[in-house]
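J.: Structure file protein_38.txt (compact mmCIF, C-alpha atoms) right here:
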# COMPACT_ATOMS: atom_id res chain seq x y z
CA MET Z 2 104.72 99.60 131.29
CA ILE Z 3 107.66 99.71 128.89
CA VAL Z 4 106.94 98.88 125.26
CA SER Z 5 109.84 98.27 122.91
CA GLY Z 6 110.28 100.43 119.82
CA HIS Z 7 110.18 97.28 117.69
CA ALA Z 8 106.70 96.44 118.99
CA LEU Z 9 105.46 99.88 117.96
CA ALA Z 10 107.17 99.89 114.57
CA ILE Z 11 104.90 100.32 111.57
CA PRO Z 12 105.56 97.66 108.90
CA PRO Z 13 106.57 99.00 105.49
CA ALA Z 14 103.70 97.10 103.82
CA VAL Z 15 100.69 94.96 104.72
CA VAL Z 16 98.45 92.70 102.66
CA ASP Z 17 95.25 94.60 101.87
CA ALA Z 18 93.39 92.05 99.71
CA VAL Z 19 94.03 88.55 98.36
CA GLN Z 20 92.46 86.60 95.54
CA MET Z 21 93.92 83.18 96.34
CA PRO Z 22 96.21 81.29 96.07
CA ALA Z 23 99.19 83.43 97.06
CA TRP Z 24 102.16 83.14 99.41
CA ARG Z 25 104.75 85.07 101.40
CA VAL Z 26 108.24 83.58 101.33
CA ARG Z 27 110.46 84.58 104.24
CA GLY Z 28 113.78 82.76 104.35
CA GLU Z 29 113.01 79.05 104.20
CA LYS Z 30 109.38 79.53 105.25
CA MET Z 31 106.52 79.85 102.75
CA GLU Z 32 103.01 80.56 104.02
CA PRO Z 33 99.71 81.62 102.45
CA LEU Z 34 99.02 85.34 102.27
CA ALA Z 35 96.29 86.58 104.60
CA THR Z 36 94.89 90.09 104.87
CA GLY Z 37 96.68 92.20 107.45
CA MET Z 38 99.88 90.13 107.09
CA GLU Z 39 103.06 92.21 107.26
CA VAL Z 40 105.50 92.29 104.35
CA LEU Z 41 109.01 93.12 105.52
CA ASN Z 42 112.44 93.68 104.07
CA GLY Z 43 113.64 90.57 102.24
CA ASP Z 44 110.21 88.97 101.83
CA GLN Z 45 109.01 87.59 98.52
CA VAL Z 46 105.36 87.68 97.46
CA LYS Z 47 104.17 84.99 95.02
CA THR Z 48 100.79 84.52 93.35
CA GLY Z 49 99.29 81.43 91.75
CA VAL Z 50 97.16 80.94 88.66
CA GLY Z 51 94.17 83.30 88.68
CA ALA Z 52 95.41 85.08 91.82
CA ARG Z 53 95.68 88.78 92.66
CA VAL Z 54 97.28 90.57 95.64
CA TYR Z 55 97.00 94.17 96.87
CA LEU Z 56 99.71 95.47 99.18
CA LYS Z 57 99.31 98.74 101.04
CA LEU Z 58 102.56 100.59 101.68
CA ALA Z 59 102.88 102.45 104.97
CA GLU Z 60 102.92 105.81 103.17
CA GLY Z 61 99.57 105.07 101.48
CA SER Z 62 100.50 103.80 98.01
CA THR Z 63 99.13 100.52 96.64
CA VAL Z 64 101.03 97.74 94.87
CA LYS Z 65 98.93 95.27 92.87
CA LEU Z 66 100.23 91.93 91.60
CA GLY Z 67 98.61 89.80 88.92
CA GLU Z 68 98.60 86.04 88.56
CA SER Z 69 101.75 83.89 88.50
CA ALA Z 70 103.86 86.80 89.73
CA GLN Z 71 106.92 86.91 91.94
CA MET Z 72 108.12 90.09 93.64
CA ASN Z 73 110.96 90.62 96.09
CA PHE Z 74 110.29 93.40 98.60
CA HIS Z 75 113.06 95.56 100.07
CA SER Z 76 112.70 98.40 102.55
CA ARG Z 77 114.83 99.51 105.49
CA SER Z 78 112.81 102.65 106.24
CA LEU Z 79 112.80 103.55 109.91
CA LYS Z 80 109.59 105.57 109.47
CA PRO Z 81 108.01 104.22 106.27
CA GLN Z 82 104.74 106.06 106.91
CA SER Z 83 106.45 109.43 106.39
CA PHE Z 84 109.47 108.61 104.21
CA PHE Z 85 109.44 105.36 102.28
CA HIS Z 86 112.81 104.12 101.07
CA GLY Z 87 112.90 100.81 99.26
CA ALA Z 88 112.78 98.70 96.11
CA LEU Z 89 110.39 96.28 94.47
CA ASP Z 90 111.95 93.60 92.30
CA VAL Z 91 109.30 92.15 89.97
CA LEU Z 92 110.84 88.89 88.77
CA THR Z 93 107.84 87.63 86.79
CA GLY Z 94 104.26 88.69 86.15
CA ALA Z 95 102.32 91.95 86.10
CA PHE Z 96 102.19 94.73 88.70
CA ARG Z 97 100.66 98.15 89.18
CA PHE Z 98 101.92 100.86 91.52
CA THR Z 99 99.49 103.65 92.39
CA THR Z 100 100.24 106.60 94.64
CA ALA Z 101 97.24 107.74 96.68
CA GLN Z 102 96.38 111.44 96.55
CA VAL Z 103 97.48 111.99 100.15
CA ALA Z 104 100.63 109.91 99.63
CA LYS Z 105 101.72 112.17 96.76
CA LEU Z 106 102.64 114.79 99.38
CA LYS Z 107 104.95 112.41 101.21
CA LYS Z 108 108.60 111.72 100.50
CA ARG Z 109 109.67 108.46 98.92
CA GLU Z 110 112.71 106.98 97.28
CA LEU Z 111 111.44 103.90 95.51
CA ALA Z 112 112.84 101.90 92.64
CA ILE Z 113 110.91 99.18 90.83
CA ARG Z 114 112.84 96.67 88.77
CA VAL Z 115 110.80 95.01 86.03
CA GLY Z 116 112.98 92.21 84.73
CA THR Z 117 115.96 94.05 83.25
CA ALA Z 118 114.50 97.60 83.45
CA THR Z 119 114.54 99.83 86.54
CA ILE Z 120 111.92 102.52 87.20
CA GLY Z 121 112.53 105.53 89.44
CA ILE Z 122 109.23 106.22 91.24
CA ARG Z 123 108.01 109.42 92.80
CA GLY Z 124 104.28 110.23 92.78
CA THR Z 125 102.73 108.31 89.94
CA ASP Z 126 100.55 105.49 88.58
CA VAL Z 127 102.45 102.90 86.58
CA TRP Z 128 101.80 99.39 85.25
CA GLY Z 129 104.37 96.86 84.15
CA ARG Z 130 105.12 93.25 83.43
CA SER Z 131 108.24 91.10 83.35
CA GLY Z 132 107.86 88.31 80.80
CA LYS Z 133 110.02 85.67 79.14
CA GLU Z 134 110.38 87.60 75.89
CA GLN Z 135 110.17 91.24 76.97
CA ASP Z 136 109.75 93.69 79.83
CA LEU Z 137 107.01 96.31 79.54
CA VAL Z 138 106.29 99.52 81.44
CA MET Z 139 103.16 101.65 80.88
CA LEU Z 140 102.88 105.09 82.47
CA ILE Z 141 99.29 105.84 83.46
CA GLU Z 142 99.89 109.13 85.25
CA GLY Z 143 102.85 111.12 86.53
CA HIS Z 144 106.51 111.13 85.57
CA ILE Z 145 109.07 108.32 85.66
CA GLU Z 146 112.55 107.49 84.42
CA VAL Z 147 113.26 103.99 83.11
CA GLN Z 148 116.78 102.63 82.95
CA PRO Z 149 117.01 99.62 80.61
CA ALA Z 150 119.77 97.03 80.85
CA GLN Z 151 121.11 98.28 77.53
CA GLY Z 152 121.26 101.93 76.50
CA GLU Z 153 120.46 105.24 78.15
CA ALA Z 154 117.68 106.08 80.59
CA VAL Z 155 114.30 106.97 79.10
CA THR Z 156 112.08 109.70 80.54
CA MET Z 157 108.32 109.07 80.41
CA ALA Z 158 105.92 111.92 81.10
CA GLU Z 159 103.01 111.40 78.69
CA PRO Z 160 100.02 109.38 80.00
CA MET Z 161 99.64 105.96 78.34
CA SER Z 162 103.20 105.98 77.01
CA VAL Z 163 104.66 102.46 76.75
CA PHE Z 164 108.26 101.28 77.14
CA ILE Z 165 109.21 97.83 75.80
CA ALA Z 166 112.59 96.14 76.22
CA PRO Z 167 112.95 92.79 74.41
CA LYS Z 168 115.14 90.33 76.32
CA GLY Z 169 118.76 90.65 75.26
CA ALA Z 170 118.12 93.59 72.93
CA ALA Z 171 117.90 97.36 73.01
CA ALA Z 172 114.66 99.01 74.08
CA LEU Z 173 112.13 99.96 71.39
CA PRO Z 174 111.02 103.57 70.80
CA LEU Z 175 108.26 104.66 73.17
CA GLY Z 176 104.75 103.76 72.04
CA VAL Z 177 101.27 104.82 73.15
CA ALA Z 178 98.64 102.47 74.58
CA THR Z 179 95.06 102.61 73.31
CA PRO Z 180 92.20 102.83 75.84
CA GLU Z 181 91.38 99.21 75.05
CA GLU Z 182 94.96 98.12 75.73
CA PHE Z 183 95.02 100.02 79.03
CA ALA Z 184 91.73 98.41 80.11
CA SER Z 185 93.08 94.96 79.24
CA ARG Z 186 96.32 95.56 81.14
CA ALA Z 187 94.48 96.89 84.19
CA ARG Z 188 92.32 93.77 84.39
CA GLU Z 189 95.47 91.68 84.79
CA THR Z 190 96.17 93.25 88.19
CA ASP Z 191 92.66 94.19 89.40
CA LEU Z 192 90.61 91.86 91.59
CA GLU Z 193 88.18 89.90 89.46
CA SER Z 194 84.58 90.81 90.28
CA GLY Z 195 83.36 87.24 89.86
CA ASN Z 196 85.98 85.73 92.18
CA GLY Z 197 85.50 86.70 95.84
CA ALA Z 198 88.67 87.93 97.48
CA LEU Z 199 89.74 88.16 101.11
CA MET Z 200 89.58 91.74 102.36
CA ARG Z 201 90.74 93.39 105.56
CA GLN Z 202 87.87 93.55 108.09
CA GLY Z 203 85.89 90.94 106.13
CA LYS Z 204 83.32 89.21 108.39
CA PHE Z 205 82.26 86.19 106.31
CA ALA Z 206 84.02 82.84 105.91
CA LEU Z 207 83.97 79.61 103.96
CA ARG Z 208 83.80 76.31 105.83
CA LEU Z 209 85.97 73.73 104.05
CA GLY Z 210 84.54 70.24 104.33
CA ASP Z 211 82.89 68.96 107.53
CA ALA Z 212 83.87 69.42 111.16
CA LEU Z 213 86.55 66.84 111.96
CA ASP Z 214 88.38 65.41 114.92
CA GLU Z 215 91.69 67.02 115.83
CA SER Z 216 93.86 64.75 113.69
CA GLY Z 217 91.63 65.02 110.62
CA ALA Z 218 91.30 68.79 110.97
CA LEU Z 219 95.06 69.28 111.25
CA ASN Z 220 95.66 67.14 108.17
CA LEU Z 221 93.11 69.15 106.19
CA PHE Z 222 94.55 72.42 107.53
CA ASP Z 223 98.03 71.43 106.33
CA ARG Z 224 96.73 70.51 102.87
CA VAL Z 225 94.81 73.76 102.47
CA TRP Z 226 97.73 75.79 103.84
CA ALA Z 227 100.19 74.19 101.41
CA ALA Z 228 97.87 75.00 98.50
CA GLY Z 229 98.14 78.74 99.28
CA TYR Z 230 94.93 79.32 101.24
CA PRO Z 231 95.25 80.94 104.74
CA ALA Z 232 93.10 78.45 106.66
CA ARG Z 233 92.13 78.78 110.33
CA LEU Z 234 90.78 76.24 112.80
CA ARG Z 235 87.62 76.81 114.86
CA PRO Z 236 86.64 74.40 117.67
CA VAL Z 237 82.99 73.28 117.78
CA ALA Z 238 81.32 71.40 120.65
CA ASP Z 239 79.21 68.49 119.38
CA GLY Z 240 77.86 67.15 122.69
CA GLN Z 241 80.47 64.40 122.89
CA GLY Z 242 83.59 66.54 122.87
CA TRP Z 243 85.25 68.88 120.43
CA ARG Z 244 85.49 68.82 116.69
CA TYR Z 245 87.18 71.39 114.45
CA GLU Z 246 86.13 73.37 111.40
CA VAL Z 247 88.65 74.52 108.80
CA LEU Z 248 87.75 78.06 107.70
CA LEU Z 249 88.80 80.69 105.20
CA LYS Z 250 87.92 84.00 106.86
CA GLY Z 251 87.86 87.55 105.51
CA PHE Z 252 85.17 87.85 102.84
CA ALA Z 253 83.52 91.27 102.84
CA SER Z 254 79.99 89.95 102.22
CA LYS Z 255 77.99 86.77 101.92
CA GLU Z 256 77.83 87.32 98.17
CA ALA Z 257 81.63 87.60 97.93
CA ALA Z 258 82.03 84.34 99.85
CA GLU Z 259 79.49 82.64 97.59
CA ARG Z 260 81.37 83.82 94.48
CA ALA Z 261 84.58 82.32 95.85
CA ALA Z 262 83.00 79.04 96.95
CA ALA Z 263 82.85 77.21 93.61
CA PRO Z 264 86.43 77.90 92.39
CA ILE Z 265 87.86 77.12 95.84
CA ALA Z 266 85.83 73.91 96.13
CA ASP Z 267 87.10 72.89 92.70
CA ALA Z 268 90.72 73.76 93.49
CA LEU Z 269 90.74 71.93 96.83
CA LYS Z 270 88.32 69.10 95.90
CA LEU Z 271 86.19 69.82 98.99
CA SER Z 272 82.61 70.69 99.81
CA VAL Z 273 82.42 74.38 100.76
CA SER Z 274 79.74 76.38 102.59
CA VAL Z 275 79.37 79.99 103.73
CA THR Z 276 79.49 80.84 107.43
CA ARG Z 277 80.47 83.65 109.78
Turn the structure described in the file into structure tokens.

T.:
Amino acid sequence: MIVSGHALAIPPAVVDAVQMPAWRVRGEKMEPLATGMEVLNGDQVKTGVGARVYLKLAEGSTVKLGESAQMNFHSRSLKPQSFFHGALDVLTGAFRFTTAQVAKLKKRELAIRVGTATIGIRGTDVWGRSGKEQDLVMLIEGHIEVQPAQGEAVTMAEPMSVFIAPKGAAALPLGVATPEEFASRARETDLESGNGALMRQGKFALRLGDALDESGALNLFDRVWAAGYPARLRPVADGQGWRYEVLLKGFASKEAAERAAAPIADALKLSVSVTR
């Protein structure tokens, strides 16, 4: 059997966790993010209100996006698991990039653009946000160099140092974040404990509405899909033929699915129940 090299290629990034709604935009196609989904060169990742997304890079680092964020992903690495070469363009919203301990030993050439500022990344933990009035970068651990749109590059090596560049103006002198400020920033990109998220290998699901005939199920599927929720169809025999359930699969536990049920039911205006 001959298997093409493309079939064996490791994607530069995959979706590790999703607090919905969120989407992947590829060309003219926009579809809801689902765990395990590949993120490739040229893709854009978008999150809705209250959403969070974790991406796992092939070399082991994690990229977190907060709500109402847009990020363009670029990577042409031939072997991203051993040498990651790419760029993350954060157009709006908050992000956090964290290098895993093992990944710190691997080579990478990664730039992150936060609005008008560009960060050179090696092995580090950094948080940032691109907003309407300013761009902000906070170094949590490691060493980075930030190049603002105006002025010279700024080296950041002290933990909790903060870089702020007002839109259309020169960057401010470096500041220092308090522990309370860091905790507040981190919550913007961390999964919310009270809002169940889809996780890789999650075994539990939410059933959206009742089992329907094929036409009704497809209509509901399209509505849920367009709202940013990665629905799936499951056929069910009812003694007179087949009906179809619309499911959201990938919750790590029954409790996680139950936490997600109320906000999802409210967002989609549907009855929701936990299943497997």

J.: I want to know what sits within 12 Å of stretch 231-236 of chain Z, based on only C-alpha atoms, with residues of the same chain fewer than 2 positions away left out; could you give that as JSON, numbers by chain?

T.: {"Z": [19, 20, 21, 22, 23, 24, 25, 31, 32, 33, 34, 35, 36, 37, 38, 199, 206, 207, 208, 209, 211, 212, 213, 214, 215, 216, 217, 218, 219, 220, 221, 222, 223, 224, 225, 226, 227, 228, 229, 238, 239, 242, 243, 244, 245, 246, 247, 248, 249, 250, 251, 276, 277]}

J.: Choose the residue, out of Z:Val115, Z:Ile145, Z:Ile122, Z:Leu56, that has the smallest atom-to-atom separation from Z:Ile165; count all atoms listed in the file.

T.: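 When distances to Z:Ile165 are compared using all atoms listed in the file, the smallest one comes from Z:Val115.
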
J.: Smallest atom-to-atom distance to Z:Asp191: which of Z:Arg97, Z:Lys47, Z:Lys168, Z:Lys57, using all atoms listed in the file?

T.: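 Among the listed residues, Z:Arg97 lies closest to Z:Asp191.
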
J.: Between Z:Ala150, Z:Leu137, Z:Val64, Z:Ala88, which has the minimum distance to Z:Gly176 (counting all atoms listed in the file)?

T.: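 Looking at the shortest contact to Z:Gly176, the residue is Z:Leu137.
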
J.: Do you have the atom CA of Z:Asp44-atom CA of Z:Arg27 distance handy?

T.: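 Computing the Euclidean distance for atom CA of Z:Asp44 and atom CA of Z:Arg27 yields 5.0 Å.
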
J.: Give me, as a list of chain:residue names, all polymer residues having an atom no more than 8 Å from Z:Val273, counting all atoms listed in the file and skipping those fewer than 2 positions away in the same chain.

T.: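 Counting only the stated atoms, we get Z:Leu207, Z:Arg208, Z:Leu209, Z:Gly210, Z:Ala262, Z:Ala263, Z:Ile265, Z:Ala266, Z:Leu271, Z:Val275.
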
J.: Work out how far apart atom CA of Z:Met157 and atom CA of Z:Lys65 are and give it in Å to one decimal.

T.: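 Those two atoms sit 20.8 Å apart.
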
J.: Distance atom CA of Z:Asp90-atom CA of Z:Ala118, one decimal place?

T.: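 Those two atoms sit 10.0 Å apart.
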
J.: Could you give me, as a ChimeraX atom specification, the residues within 12 Å of Z:Gly132, counting only C-alpha atoms and dropping anything in the same chain fewer than 6 positions from it?

T.: /Z:69-71,91-96,115-118,138,165-168

J.: Using only C-alpha atoms, can you tell me which of Z:Thr100, Z:Leu66, Z:Glu29, Z:Phe164 comes closest to Z:Val54?

T.: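 Closest residue, counting only C-alpha atoms: Z:Leu66.
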
J.: When you look at Z:Pro264 with a cut-off of 10 Å (counting all atoms listed in the file), what residues show up, excluding the ones that are within fewer than 5 positions of it in the same chain? I need them as a list in words.

T.: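 Neighbouring residues, sequence-local ones excluded: Met21, Asn196, Gly197, Glu259, Leu269, Lys270 and Val273 of chain Z.
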
J.: Which residue, Z:Thr99, Z:Gln135, Z:Ser76, Z:Gln82, has the smallest gap to Z:Ala187 when you use all atoms listed in the file?

T.: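 Among Z:Thr99, Z:Gln135, Z:Ser76, Z:Gln82, it is Z:Thr99 that comes nearest to Z:Ala187.
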
J.: So which residues fall inside 9 Å of (85.9, 89.6, 94.5) if we count all atoms listed in the file? Mind giving them as a list of chain:residue names?

T.: Z:Gln20, Z:Leu192, Z:Glu193, Z:Ser194, Z:Gly195, Z:Asn196, Z:Gly197, Z:Ala198, Z:Leu199, Z:Met200, Z:Phe252, Z:Ala253, Z:Ala257, Z:Ala258, Z:Arg260, Z:Ala261

J.: Which residue, Z:Ala184, Z:Leu140, Z:Leu79, Z:Val40, has the smallest gap to Z:Thr125 when you use all atoms listed in the file?

T.: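 Ranked by minimum distance to Z:Thr125, first place goes to Z:Leu140.
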
J.: At a cut-off of 12 Å from (108.7, 112.0, 83.8) in the coordinates of the file, what residues are picked up using all atoms listed in the file, written as a ChimeraX atom specification?

T.: /Z:120-127,140-147,154-160,162
